[in-house]
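*Asks:* Once you've had a glance at the structure underneath, I'll fire off some questions.
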Amino acid sequence: MARIDRRDALAAAIIALTAGLATTLPAFDRLRGFSIDVLTGLKWHLLGETRQPAASSVVVVALDEETYRTQPFAGTPSIAWTREIGRVLTAIVEGGAKVVGFDIVYPHSIEESQLPFGDQTLGARVGGFDRDFLRALYLASRDGKVVLGEVQFGDQPMLPSPGQRFAVGQQKNIRALIVDPDVDDVIRRLPLSFVVDGASVPSMAVELAARALASTPEFAPDGRMTLAGYHVPSAKPNTVTLNFEGGADDIPTFSLADLRACVEKGDTEFFRRQFDGKVVIFGTLTDTSEDLKITSKRFATAPEGARAARCALALPPGGPTFHRHFISGVYIHATAANNLIQRNALTEFGRIGAAMVAIAFSGLVGAAALWLAPVGAAIAYLGAVLVWTAVGVVAFAHARALPLTEPFVAGMFALAATIGYRFVIADKDKRFLRRSFALYLAPAVLEKMVATNKPPELGGETRIVTVYFSDVAGFSAFSEKLAPAEIVAVMNEYLSAMADIIEEHGGFVDKYIGDAVVAVFGAPHEDAHHARNAVRAALRCRHRLEEMNRSGTALMGHAIGQRIGLNSGEALVGNIGSRRRFNYTAMGDAVNLASRLEGANKYFGTSIIASDATVALAGPAFVWRELDAIRVMGRSGSINIYEPLAEAGQETADQLARTAAYAEGLARWRAGDFVDAARWLERLADVDPPSAVLADRARKLAAHPPGPGWEPVNALEGK
């Protein structure tokens, strides 16, 4: 992860602001409504039916394929269906319907036909044909229960025939069926009103809802409308945003053929059960109709058909099979009326609100792009998209349309732009630092420097650390047998293996001094278990060197030994040196003592020695053998030293036996019983170098007893 500084944060903020504001531009309008389409589809596919069709306030009477195939309609043009439509209209009104609207327009009557028919015109021959239909319209309009539709074609409206207009009392019962597609020709909203002679006249859907609620719509100057106390949400003035349920059965639909047969049957109770208190809309429902529209329901459509309760005719076999991304126009007006009556029209974010969401979303994505690697940032973006989409679906189920397109597009732009900014500007210095110092600084030091985005500078701090000091045993004698190129190859192999283990355990290699390795645990990064990690690394290094010696190839057939000293304590760690050249290193008595402990291995025949300070910090995680109390050159005080044998739980029975025997001999030696100590330790001298060394010292003291004031401390004469 990258550290974010003020400059980068400001750049990300500018990118997010630019991306968010760009979504308000007119060029973005073709994508703006796509969010509603996607949310409508997701709600339907993920949540299924959220509103029961029986609870719909609006139902549709369809002039459907079944009607066109059923007698007496089959083979007859629909202009001649008016008498049967009038009979069904009367039955619906008498069944208790609140209001009936017509999404079909008959601009002419068959009685107006001028086609010659014998010595008269067809119209004259069928005079009075529409009488029953006109009477039905008149009786329904008298109680305000019918509204005819009109459609605007260019500059000329397509109105109902003169007889129909007269029957319903002219314009007071005629309303426009005009829809208002977005710039991408998708219908997501419906106009609330139209201005006629300077006055606002409600659209068909508003008129039907108003009559159903027995309320007069109130239009504000800014295009907003209130109906029966419901302030209709309008992101675009003078429109209602359609809240489609999805599927095909959300608006119950009845076939005109079945209802006509029901009238013939005389089943008035059926009409009362199905239409009492409902808004009814007559409309065309066929797969070849010219009144097919693409709406925000386009991703949530299903085969349409008259699948409401049946009265007289059996449901045609197979049912409707046509499935498309557009729907019959009657459902647009039916959905709008339903939304107004049930007060669940969609509430949209306006252009500014959507831009604010886009800015916030792209800001989060930009922060992720600064904080994470490109792949991680892309995954974070996709995760944010999924989370916001899920929130959007839940909100949409409650009639709140959150913007998706704007934030997702803005977020994608912010992701790409921020990653580009990092590559060109923000990470340029970091790449330079890595290239410049990767071969000279420990990875931990380099990452700390890169994280702060600062080159190294003089300075340090006092910290408790564990210092690891190792050397190759007998390097001088070993190197005399090899050519310089062989020495370099062997040492590179050895030092690489040891450094890898040290870094795996959280240490950093401070420096190489010839064949020696100086490493520090607990800096530059904090490590509460630095002593434990240092001891574990030392054991691993010893084991790895044994493997390399056994292999015969890792070190070009040469076997080498190793001595390691471990000490914990306060040290000054930081960038130390001159102003022109310095290293991140550790200084202090803790470092010097680790060096002395490395050398002390020569006096005990061991490969690893740790101070009592390291043992105290590492604790019972390891099996220890106390070797002695020593005084090293340059220090007046003594320290107890220990040999780590294995990690706790991995020790062998032989190691435990030697440790116990050595501890007994050491105790007798410290008590001044040199003869007994030597006798006790000699039993292990052939297989345990520390026992042989201490036994030899005990024998010498037994032969030449020390004077008064002797203390059991081994003063080492060399480094």
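Convention: chains lettered A, B, ... in structure tokens order; per-chain residue numbering from 1; ligands numbered from 1 as shown.
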Which of region 456-581 of chain A end up as alpha helix (DSSP H) when DSSP is run on this backbone - answer as number ranges by chain?
*Replies:* A: 475-480, 484-504, 530-551
*Asks:* Quick one: residues within 6 Å of region 531-544 of chain A, only C-alpha atoms, excluding same-chain residues fewer than 6 positions away - as a PyMOL selection string?
*Replies:* chain A and resi 466+498+502+505+614+617-618
*Asks:* Can I get the selection written as a PDB file, in the first residue's frame, with C-alpha atoms?
*Replies:*
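Once written, result.pdb looks like this:
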```
ATOM      1  CA  THR A 466      18.234  -7.589  18.980  1.00  0.00           C
ATOM      2  CA  MET A 498      21.856 -16.315   5.345  1.00  0.00           C
ATOM      3  CA  ILE A 502      17.265 -13.121   8.255  1.00  0.00           C
ATOM      4  CA  HIS A 505      12.162 -13.431   9.977  1.00  0.00           C
ATOM      5  CA  THR A 614      18.019 -12.011  24.638  1.00  0.00           C
ATOM      6  CA  LEU A 617      12.975 -11.534  25.856  1.00  0.00           C
ATOM      7  CA  ALA A 618      12.740 -14.719  23.789  1.00  0.00           C
TER       8      ALA A 618
END
```
*Asks:* Could you check which of A:Ala698, A:Ala519, A:Ala355, A:Val394 is closest to Met587 (chain A), using only C-alpha atoms?
*Replies:*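 The closest residue to Met587 (chain A) is A:Ala519.
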*Asks:* Restricting the calculation to only C-alpha atoms, which member of A:Val623, A:Ala354, A:Val146, A:Ala257 is positioned closest to Pro72 (chain A)?
*Replies:*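 So, comparing all the options, the nearest one is A:Ala257.
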*Asks:* So that I can check the surroundings of region 295-305 of chain A, please list as a compact mmCIF listing (two decimals) with N, CA and C atoms, in the first residue's frame every protein, DNA and RNA residue that reaches within 8 Å of it, counting only C-alpha atoms and ignoring chain neighbours fewer than 2 positions away.
*Replies:*
```
# COMPACT_ATOMS: atom_id res chain seq x y z
N PHE A 34 -30.17 5.50 -17.97
CA PHE A 34 -29.86 4.08 -18.01
C PHE A 34 -29.92 3.46 -16.61
N ILE A 36 -32.10 3.93 -14.26
CA ILE A 36 -33.47 3.49 -13.95
C ILE A 36 -33.76 2.18 -14.66
N ASP A 37 -33.33 2.05 -15.90
CA ASP A 37 -33.55 0.81 -16.64
C ASP A 37 -32.89 -0.37 -15.95
N VAL A 38 -31.63 -0.17 -15.56
CA VAL A 38 -30.88 -1.26 -14.91
C VAL A 38 -31.50 -1.62 -13.57
N THR A 40 -34.59 -1.19 -12.60
CA THR A 40 -35.87 -1.86 -12.81
C THR A 40 -35.65 -3.34 -13.12
N GLY A 41 -34.67 -3.62 -13.99
CA GLY A 41 -34.37 -5.00 -14.32
C GLY A 41 -33.82 -5.78 -13.13
N LEU A 42 -32.89 -5.18 -12.39
CA LEU A 42 -32.29 -5.87 -11.25
C LEU A 42 -33.32 -6.13 -10.15
N TRP A 44 -36.48 -6.61 -10.51
CA TRP A 44 -37.35 -7.69 -10.93
C TRP A 44 -36.65 -9.05 -10.84
N HIS A 45 -35.41 -9.12 -11.34
CA HIS A 45 -34.71 -10.40 -11.39
C HIS A 45 -34.21 -10.84 -10.02
N ASP A 64 -56.89 -7.79 -27.67
CA ASP A 64 -55.72 -8.63 -27.83
C ASP A 64 -55.88 -9.64 -28.96
N VAL A 186 -36.14 6.30 -25.08
CA VAL A 186 -36.69 5.40 -24.06
C VAL A 186 -37.65 6.20 -23.19
N ILE A 187 -38.83 5.64 -22.96
CA ILE A 187 -39.84 6.34 -22.15
C ILE A 187 -39.64 5.97 -20.69
N ARG A 188 -39.28 6.96 -19.88
CA ARG A 188 -39.11 6.76 -18.44
C ARG A 188 -40.03 7.67 -17.64
N LEU A 242 -41.86 6.96 -14.08
CA LEU A 242 -42.62 5.71 -14.00
C LEU A 242 -41.89 4.67 -13.16
N PHE A 244 -42.13 1.03 -12.87
CA PHE A 244 -42.64 -0.25 -13.36
C PHE A 244 -42.29 -1.35 -12.37
N GLY A 246 -42.22 -4.69 -13.28
CA GLY A 246 -41.45 -5.73 -13.97
C GLY A 246 -42.32 -6.94 -14.23
N GLY A 247 -41.93 -7.75 -15.19
CA GLY A 247 -42.74 -8.89 -15.57
C GLY A 247 -43.90 -8.44 -16.46
N ALA A 248 -45.02 -9.20 -16.44
CA ALA A 248 -46.13 -8.86 -17.33
C ALA A 248 -47.48 -8.85 -16.63
N ASP A 249 -47.52 -9.23 -15.36
CA ASP A 249 -48.82 -9.37 -14.69
C ASP A 249 -49.04 -8.34 -13.59
N THR A 253 -54.87 -7.80 -16.56
CA THR A 253 -55.34 -7.55 -17.92
C THR A 253 -56.44 -8.55 -18.29
N LEU A 285 -53.42 -4.72 -27.40
CA LEU A 285 -52.37 -5.60 -26.87
C LEU A 285 -52.10 -6.71 -27.86
N LYS A 293 -43.83 0.48 -27.23
CA LYS A 293 -42.88 1.48 -26.78
C LYS A 293 -41.72 0.83 -26.02
N ARG A 307 -54.19 -12.35 -18.62
CA ARG A 307 -54.16 -13.49 -17.72
C ARG A 307 -54.90 -13.23 -16.41
N GLY A 319 -51.16 -19.73 -24.51
CA GLY A 319 -51.03 -18.38 -24.00
C GLY A 319 -50.08 -17.56 -24.83
N PRO A 320 -49.82 -16.35 -24.43
CA PRO A 320 -48.94 -15.45 -25.19
C PRO A 320 -47.50 -15.95 -25.13
N THR A 321 -46.81 -15.84 -26.22
CA THR A 321 -45.42 -16.30 -26.30
C THR A 321 -44.45 -15.21 -26.71
N PHE A 322 -44.96 -14.09 -27.20
CA PHE A 322 -44.04 -13.06 -27.68
C PHE A 322 -43.41 -12.32 -26.50
N HIS A 323 -42.09 -12.23 -26.55
CA HIS A 323 -41.31 -11.64 -25.47
C HIS A 323 -40.36 -10.62 -26.09
N ARG A 324 -40.45 -9.37 -25.70
CA ARG A 324 -39.66 -8.34 -26.35
C ARG A 324 -39.24 -7.30 -25.32
N HIS A 325 -38.42 -6.38 -25.76
CA HIS A 325 -37.92 -5.34 -24.86
C HIS A 325 -38.81 -4.11 -24.86
N PHE A 326 -39.91 -4.15 -25.57
CA PHE A 326 -40.86 -3.04 -25.56
C PHE A 326 -42.20 -3.56 -25.05
N ILE A 327 -43.06 -2.63 -24.67
CA ILE A 327 -44.35 -3.01 -24.11
C ILE A 327 -45.45 -2.23 -24.82
```
